[in-house]
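Below is structure39.txt, holding compact mmCIF, C-alpha atoms and all ligand atoms.
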```txt
# COMPACT_ATOMS: atom_id res chain seq x y z
CA MET N 1 -9.70 -8.65 -21.43
CA SER N 2 -8.38 -5.62 -23.24
CA ALA N 3 -6.70 -3.00 -21.07
CA ALA N 4 -9.26 -0.41 -22.17
CA PHE N 5 -12.04 -2.27 -20.32
CA ILE N 6 -10.32 -2.85 -17.01
CA ARG N 7 -12.07 -1.10 -14.11
CA ARG N 8 -9.94 -0.81 -11.01
CA VAL N 9 -11.65 -0.71 -7.62
CA PRO N 10 -10.14 2.16 -5.61
CA ILE N 11 -8.31 1.09 -2.48
CA VAL N 12 -7.56 3.17 0.61
CA ALA N 13 -5.41 1.56 3.29
CA GLY N 14 -4.64 2.89 6.75
CA ASN N 15 -1.17 2.13 8.05
CA TRP N 16 -1.40 2.52 11.80
CA LYS N 17 2.34 1.93 12.17
CA MET N 18 3.39 1.47 15.84
CA HIS N 19 0.12 2.83 17.25
CA TYR N 20 -2.83 1.14 18.96
CA GLY N 21 -2.23 -2.03 20.93
CA PRO N 22 -5.02 -4.63 20.99
CA SER N 23 -7.42 -2.78 23.27
CA ASP N 24 -7.05 0.65 21.58
CA ALA N 25 -7.13 -0.99 18.16
CA HIS N 26 -10.36 -2.76 19.03
CA ASP N 27 -11.92 0.50 20.22
CA PHE N 28 -10.78 2.59 17.25
CA ALA N 29 -11.83 -0.04 14.69
CA THR N 30 -15.22 -0.23 16.40
CA ALA N 31 -15.56 3.56 16.28
CA ILE N 32 -14.87 3.86 12.53
CA LEU N 33 -16.49 0.67 11.30
CA GLY N 34 -19.97 2.12 10.71
CA GLY N 35 -18.59 5.00 8.63
CA LEU N 36 -16.39 2.69 6.59
CA THR N 37 -19.10 0.15 5.86
CA SER N 38 -21.23 2.91 4.35
CA ILE N 39 -18.69 3.34 1.50
CA PRO N 40 -18.44 -0.15 -0.03
CA MET N 41 -17.46 1.09 -3.50
CA VAL N 42 -13.94 1.68 -2.20
CA GLU N 43 -11.85 -1.16 -0.85
CA ARG N 44 -11.01 -0.19 2.75
CA VAL N 45 -8.04 -1.79 4.48
CA LEU N 46 -6.96 -1.41 8.10
CA CYS N 47 -3.32 -2.26 8.87
CA PRO N 48 -2.82 -2.34 12.65
CA PRO N 49 0.38 -3.51 14.36
CA ALA N 50 0.82 -7.29 14.32
CA VAL N 51 -0.23 -7.75 17.94
CA SER N 52 -3.54 -6.04 17.19
CA LEU N 53 -4.45 -7.96 14.03
CA THR N 54 -6.69 -10.48 15.79
CA ALA N 55 -8.48 -7.77 17.78
CA VAL N 56 -9.27 -5.80 14.62
CA HIS N 57 -10.14 -8.99 12.75
CA ALA N 58 -12.83 -9.72 15.34
CA VAL N 59 -14.29 -6.22 14.94
CA ILE N 60 -14.42 -6.13 11.13
CA ALA N 61 -15.40 -9.77 10.49
CA GLY N 62 -18.16 -9.93 7.89
CA SER N 63 -18.17 -6.14 7.31
CA GLY N 64 -16.34 -6.04 3.98
CA VAL N 65 -13.56 -3.97 5.53
CA ARG N 66 -10.24 -5.71 4.93
CA LEU N 67 -7.30 -6.43 7.17
CA GLY N 68 -3.65 -5.89 6.29
CA ALA N 69 -0.36 -6.54 8.06
CA GLN N 70 2.42 -3.96 7.99
CA ASN N 71 5.23 -6.39 7.27
CA MET N 72 6.19 -10.07 7.29
CA TYR N 73 9.16 -12.34 6.68
CA PHE N 74 9.35 -14.57 3.63
CA GLU N 75 10.04 -17.92 5.30
CA PRO N 76 6.98 -19.97 6.21
CA ARG N 77 8.34 -20.87 9.69
CA GLY N 78 11.58 -21.32 11.56
CA ALA N 79 14.12 -19.78 13.90
CA TYR N 80 13.62 -16.09 13.01
CA THR N 81 13.13 -14.40 16.35
CA GLY N 82 10.64 -11.58 16.26
CA GLU N 83 9.48 -12.20 12.71
CA ILE N 84 6.01 -13.03 11.44
CA ALA N 85 5.51 -15.69 8.78
CA PRO N 86 3.15 -15.55 5.82
CA THR N 87 1.60 -18.77 7.11
CA MET N 88 0.59 -16.88 10.27
CA LEU N 89 -1.09 -14.09 8.31
CA GLN N 90 -2.77 -16.46 5.88
CA GLY N 91 -6.46 -16.69 6.70
CA LEU N 92 -6.24 -13.69 9.04
CA CYS N 93 -5.21 -10.90 6.64
CA ASP N 94 -6.02 -10.09 3.04
CA TYR N 95 -3.15 -7.66 2.50
CA VAL N 96 0.39 -7.10 3.63
CA ILE N 97 2.35 -3.86 3.25
CA LEU N 98 5.87 -4.62 2.06
CA GLY N 99 8.93 -2.43 1.54
CA HIS N 100 7.55 0.59 3.37
CA SER N 101 10.23 3.29 3.37
CA GLU N 102 10.46 3.02 7.16
CA ARG N 103 11.32 -0.67 6.74
CA ARG N 104 13.79 0.15 4.00
CA GLY N 105 15.30 3.10 5.87
CA TYR N 106 15.37 2.01 9.54
CA PHE N 107 15.67 -1.74 9.10
CA GLY N 108 17.83 -1.96 5.98
CA GLU N 109 15.33 -3.75 3.74
CA THR N 110 16.67 -4.08 0.22
CA ASP N 111 14.78 -4.53 -3.04
CA GLU N 112 15.91 -8.15 -3.03
CA LEU N 113 14.40 -8.77 0.40
CA VAL N 114 11.19 -6.95 -0.53
CA ASN N 115 11.03 -9.12 -3.64
CA ARG N 116 11.34 -12.35 -1.62
CA LYS N 117 8.58 -11.13 0.68
CA THR N 118 6.39 -10.16 -2.27
CA LEU N 119 6.78 -13.60 -3.82
CA ALA N 120 5.97 -15.19 -0.46
CA ALA N 121 2.85 -13.06 -0.11
CA PHE N 122 1.55 -14.33 -3.43
CA ALA N 123 2.51 -17.90 -2.55
CA TYR N 124 0.52 -17.75 0.70
CA GLY N 125 -2.60 -16.04 -0.58
CA LEU N 126 -1.89 -12.51 0.63
CA THR N 127 -2.11 -9.45 -1.58
CA PRO N 128 1.06 -7.38 -1.34
CA ILE N 129 0.97 -3.58 -1.16
CA VAL N 130 4.51 -2.86 -2.27
CA CYS N 131 5.87 0.60 -1.47
CA VAL N 132 8.33 2.52 -3.61
CA GLY N 133 9.47 6.11 -3.33
CA GLU N 134 12.43 8.43 -3.70
CA ARG N 135 14.24 10.52 -1.09
CA LEU N 136 14.26 14.29 -1.30
CA GLU N 137 17.91 14.29 -2.36
CA ASP N 138 17.05 11.88 -5.19
CA ARG N 139 14.30 14.19 -6.40
CA ASP N 140 16.50 17.26 -6.12
CA ALA N 141 19.21 15.50 -8.13
CA ASN N 142 16.70 14.48 -10.82
CA LEU N 143 17.16 10.84 -9.87
CA THR N 144 13.50 10.05 -9.18
CA GLU N 145 12.99 8.00 -12.32
CA ARG N 146 16.19 6.05 -11.80
CA VAL N 147 15.38 5.26 -8.15
CA ILE N 148 11.79 4.25 -8.89
CA THR N 149 12.93 2.11 -11.81
CA GLU N 150 15.45 0.28 -9.62
CA GLN N 151 12.88 -0.28 -6.88
CA VAL N 152 10.18 -1.52 -9.25
CA ARG N 153 12.52 -3.82 -11.17
CA GLY N 154 14.10 -5.12 -7.97
CA SER N 155 11.08 -5.43 -5.70
CA LEU N 156 8.66 -6.70 -8.33
CA ALA N 157 10.88 -9.16 -10.23
CA ASN N 158 9.68 -12.60 -11.29
CA LEU N 159 6.10 -12.27 -10.09
CA PRO N 160 3.72 -15.02 -11.15
CA PRO N 161 2.29 -13.48 -14.36
CA GLU N 162 -1.24 -14.70 -13.64
CA ARG N 163 -1.22 -12.92 -10.26
CA VAL N 164 0.30 -9.56 -11.23
CA ALA N 165 -3.11 -7.95 -11.69
CA GLU N 166 -3.81 -8.45 -7.95
CA LEU N 167 -0.74 -6.46 -6.94
CA VAL N 168 -1.07 -3.07 -5.27
CA VAL N 169 1.82 -0.60 -5.55
CA ALA N 170 2.04 2.42 -3.25
CA TYR N 171 4.01 5.35 -4.59
CA GLU N 172 5.23 7.10 -1.45
CA PRO N 173 7.83 9.83 -1.91
CA ILE N 174 9.82 9.57 1.31
CA TRP N 175 9.96 13.34 1.77
CA ALA N 176 6.16 13.44 1.88
CA ILE N 177 5.68 10.78 4.56
CA GLY N 178 4.70 12.17 7.92
CA THR N 179 5.96 15.63 6.99
CA GLY N 180 2.71 17.40 6.17
CA ARG N 181 4.20 18.14 2.74
CA ALA N 182 2.32 16.05 0.18
CA ALA N 183 3.54 15.71 -3.39
CA THR N 184 1.67 17.71 -5.99
CA ALA N 185 -0.88 15.67 -7.86
CA GLN N 186 1.12 16.24 -11.05
CA ASP N 187 4.35 14.95 -9.47
CA ALA N 188 2.50 11.88 -8.22
CA ALA N 189 0.87 11.29 -11.61
CA ASP N 190 4.24 11.54 -13.38
CA VAL N 191 5.78 8.88 -11.16
CA VAL N 192 2.73 6.63 -11.31
CA ALA N 193 3.01 6.78 -15.11
CA ILE N 194 6.62 5.60 -14.82
CA ILE N 195 5.53 2.75 -12.54
CA ARG N 196 2.81 1.62 -14.97
CA ALA N 197 5.19 1.82 -17.93
CA LEU N 198 7.67 -0.39 -16.07
CA LEU N 199 4.94 -2.87 -15.15
CA ALA N 200 3.88 -2.96 -18.80
CA GLU N 201 7.44 -3.69 -19.84
CA LEU N 202 7.76 -6.45 -17.24
CA TYR N 203 4.32 -8.05 -17.37
CA GLY N 204 2.42 -6.65 -20.35
CA ALA N 205 0.01 -3.78 -20.90
CA ASP N 206 -3.09 -5.50 -19.57
CA ALA N 207 -1.43 -6.46 -16.28
CA ALA N 208 -0.03 -2.94 -15.92
CA GLN N 209 -3.48 -1.46 -16.38
CA ALA N 210 -5.02 -3.85 -13.86
CA VAL N 211 -2.53 -3.16 -11.03
CA ARG N 212 -3.80 -0.64 -8.52
CA VAL N 213 -1.38 2.17 -7.69
CA GLN N 214 -1.91 4.26 -4.58
CA TYR N 215 -0.39 7.55 -3.61
CA GLY N 216 0.95 7.90 -0.07
CA GLY N 217 2.52 10.80 1.80
CA SER N 218 0.69 13.27 4.07
CA VAL N 219 -2.71 12.38 2.66
CA THR N 220 -5.58 14.08 4.49
CA ALA N 221 -9.28 14.59 3.94
CA ALA N 222 -8.36 18.03 2.60
CA ASN N 223 -6.04 16.84 -0.19
CA ILE N 224 -7.17 13.30 -1.11
CA ALA N 225 -9.51 14.49 -3.86
CA GLU N 226 -6.59 16.00 -5.81
CA PHE N 227 -4.95 12.60 -6.01
CA ALA N 228 -8.03 10.41 -6.31
CA ALA N 229 -9.35 12.55 -9.17
CA LEU N 230 -6.47 11.36 -11.33
CA PRO N 231 -7.47 8.36 -13.41
CA ASP N 232 -4.18 6.55 -12.86
CA ILE N 233 -4.17 6.88 -9.05
CA ASP N 234 -6.38 4.27 -7.42
CA GLY N 235 -6.51 5.49 -3.85
CA ALA N 236 -4.10 6.10 -1.02
CA LEU N 237 -1.91 4.56 1.63
CA VAL N 238 -2.54 6.74 4.65
CA GLY N 239 -0.39 7.01 7.78
CA GLY N 240 -1.14 9.71 10.36
CA ALA N 241 -4.66 10.53 9.20
CA SER N 242 -5.66 6.86 9.38
CA LEU N 243 -5.40 7.05 13.17
CA LYS N 244 -8.36 9.41 13.30
CA PRO N 245 -12.00 9.29 12.19
CA GLU N 246 -10.77 11.52 9.33
CA PHE N 247 -9.92 8.22 7.64
CA ILE N 248 -13.61 7.72 6.90
CA GLU N 249 -13.72 11.10 5.17
CA ILE N 250 -10.65 10.18 3.09
CA VAL N 251 -12.43 7.05 1.90
CA ARG N 252 -15.63 8.99 1.21
CA ARG N 253 -13.82 11.65 -0.82
CA THR N 254 -11.98 8.97 -2.76
CA ALA N 255 -15.33 7.49 -3.75
CA GLU N 256 -16.64 10.92 -4.75
CA ALA N 257 -13.53 11.81 -6.75
CA LYS N 258 -13.88 8.53 -8.65
CA GLY N 259 -17.51 9.31 -9.41
CA LEU N 260 -18.69 6.52 -7.10
CA GLY N 261 -19.98 8.61 -4.23
C1 LIG Q 1 2.83 6.10 5.34
O1 LIG Q 1 3.41 5.85 6.37
O2 LIG Q 1 2.70 5.22 4.50
C2 LIG Q 1 2.32 7.44 5.14
C3 LIG Q 1 1.94 7.77 3.95
O3 LIG Q 1 2.29 8.27 6.25
P1 LIG Q 1 1.61 9.73 6.33
O4 LIG Q 1 0.26 9.62 5.71
O5 LIG Q 1 1.55 10.03 7.80
O6 LIG Q 1 2.50 10.66 5.57
```

When written as structure tokens, how does the structure in this file appear?
Amino acid sequence: MSAAFIRRVPIVAGNWKMHYGPSDAHDFATAILGGLTSIPMVERVLCPPAVSLTAVHAVIAGSGVRLGAQNMYFEPRGAYTGEIAPTMLQGLCDYVILGHSERRGYFGETDELVNRKTLAAFAYGLTPIVCVGERLEDRDANLTERVITEQVRGSLANLPPERVAELVVAYEPIWAIGTGRAATAQDAADVVAIIRALLAELYGADAAQAVRVQYGGSVTAANIAEFAALPDIDGALVGGASLKPEFIEIVRRTAEAKGLG
């Protein structure tokens, strides 16, 4: 199919981070499920902590709302204390967030490790949501393009060409995560254009046009429309606001901004 005819389904994912154990996760998923199911034109993904995946899975089964993990290891099994294998997520989750800046920053994840995890996700039938983003000091030193280029080339190397179109990339400037200071829509659009150009170079124009690219960083119901209105931004990865019923409004406004509401 020619790139001009590719229609990307918007995707909004809620990263609950280290919030909501099984019982709270069950209750919150139950509370927001009705609102989310009323907006099927956007792909909606809930990413609870690993211990709460089965509880949320039971709530959303058959609803069309998708389940994502926040991380995983790349080995299928073995002596890796505390880790979760792709084989354990297979059949339970649709998505897995990889290379979140908190994983990169607090747990030392490198592009090479994120790449191994991304390849494993594809190998085990999970769709990776791969996060990239620059630090404030990178942006201030005009290094954003260089940092993003390194992360994209490193984290997204050697992907199976026939699967690249399934990939989701989240552009999350680190200085915007959890700070209440979102990027401007123009800044986000500029970096998303860099990401698509790199994907085109690596995997061809059609694949680059098919990949969904989210914005993440202090997204709220009040600002999502600015981002979702941009043709090259396909939704959002949401942290703090995904812990509240506001998440439903973020999905709804994404649909409206895309002309699907
Ligand atoms: C995130 O953790 O991916 C994120 C974007 O967080 P927040 O929305 O809270 O900035």

Distance limit 7 Å, reference ligand LIG 1 (chain Q), atoms considered: only C-alpha atoms and all ligand atoms. Which residues make the cut? Give them as an mmCIF file with C-alpha atoms, in the coordinates of the input.
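Output file out-v3.cif follows:
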```cif
data_model
loop_
_atom_site.group_PDB
_atom_site.id
_atom_site.type_symbol
_atom_site.label_atom_id
_atom_site.label_comp_id
_atom_site.auth_asym_id
_atom_site.auth_seq_id
_atom_site.Cartn_x
_atom_site.Cartn_y
_atom_site.Cartn_z
ATOM 1 C CA ASN N 15 -1.170 2.130 8.050
ATOM 2 C CA HIS N 100 7.550 0.590 3.370
ATOM 3 C CA GLU N 172 5.230 7.100 -1.450
ATOM 4 C CA ALA N 176 6.160 13.440 1.880
ATOM 5 C CA ILE N 177 5.680 10.780 4.560
ATOM 6 C CA GLY N 178 4.700 12.170 7.920
ATOM 7 C CA THR N 179 5.960 15.630 6.990
ATOM 8 C CA GLY N 180 2.710 17.400 6.170
ATOM 9 C CA GLY N 216 0.950 7.900 -0.070
ATOM 10 C CA GLY N 217 2.520 10.800 1.800
ATOM 11 C CA SER N 218 0.690 13.270 4.070
ATOM 12 C CA VAL N 219 -2.710 12.380 2.660
ATOM 13 C CA LEU N 237 -1.910 4.560 1.630
ATOM 14 C CA VAL N 238 -2.540 6.740 4.650
ATOM 15 C CA GLY N 239 -0.390 7.010 7.780
ATOM 16 C CA GLY N 240 -1.140 9.710 10.360
ATOM 17 C CA ALA N 241 -4.660 10.530 9.200
#
```

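Nearest to N:Glu162 of all the residues N:Phe122, N:Tyr20, N:Ser52, N:Pro231 is N:Phe122, based on all atoms listed in the file.
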
Mind running stretch 10-110 of chain N against stretch 243-257 of chain N at 8 Å and telling me each contacting residue's nearest atom pair with the distance in Å (one decimal), counting all atoms listed in the file, chain and number ascending, as a tab-separated table?
```
residue	atom	partner	partner_atom	distance
N:Pro10	CA	N:Thr254	CA	7.6
N:Val12	CA	N:Val251	CA	6.4
N:Gly14	CA	N:Phe247	CA	7.6
N:Trp16	CA	N:Leu243	CA	6.2
N:Ala31	CA	N:Pro245	CA	7.9
N:Ile32	CA	N:Pro245	CA	6.2
N:Gly35	CA	N:Ile248	CA	5.9
N:Leu36	CA	N:Ile248	CA	5.8
N:Ile39	CA	N:Arg252	CA	6.4
N:Met41	CA	N:Ala255	CA	6.7
N:Val42	CA	N:Ala255	CA	6.2
N:Arg44	CA	N:Val251	CA	7.4
```

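For the set N:Leu136, N:Leu260, N:Ala210, N:Ala229, the residue with the smallest atom-to-atom gap to N:Gln186 is N:Ala229, counting only C-alpha atoms.
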
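For the pair atom CA of N:Arg77 and atom CA of N:Lys117, the interatomic distance is 13.3 Å.
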
Query - Who sits within 12 Å of N:Tyr124, all atoms listed in the file, same chain under 6 positions skipped, as a ChimeraX atom specification - result: /N:72-76,85-96,117-118

Report task. Pick out the residues sitting within 9 Å of N:Val164, and hand them over as a count of residues only; count all atoms listed in the file, and ignore anything fewer than 5 positions along from it in its own chain. Result -> 6

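The space separating atom CA of N:Ala55 from atom CA of N:His19 comes to 13.7 Å.
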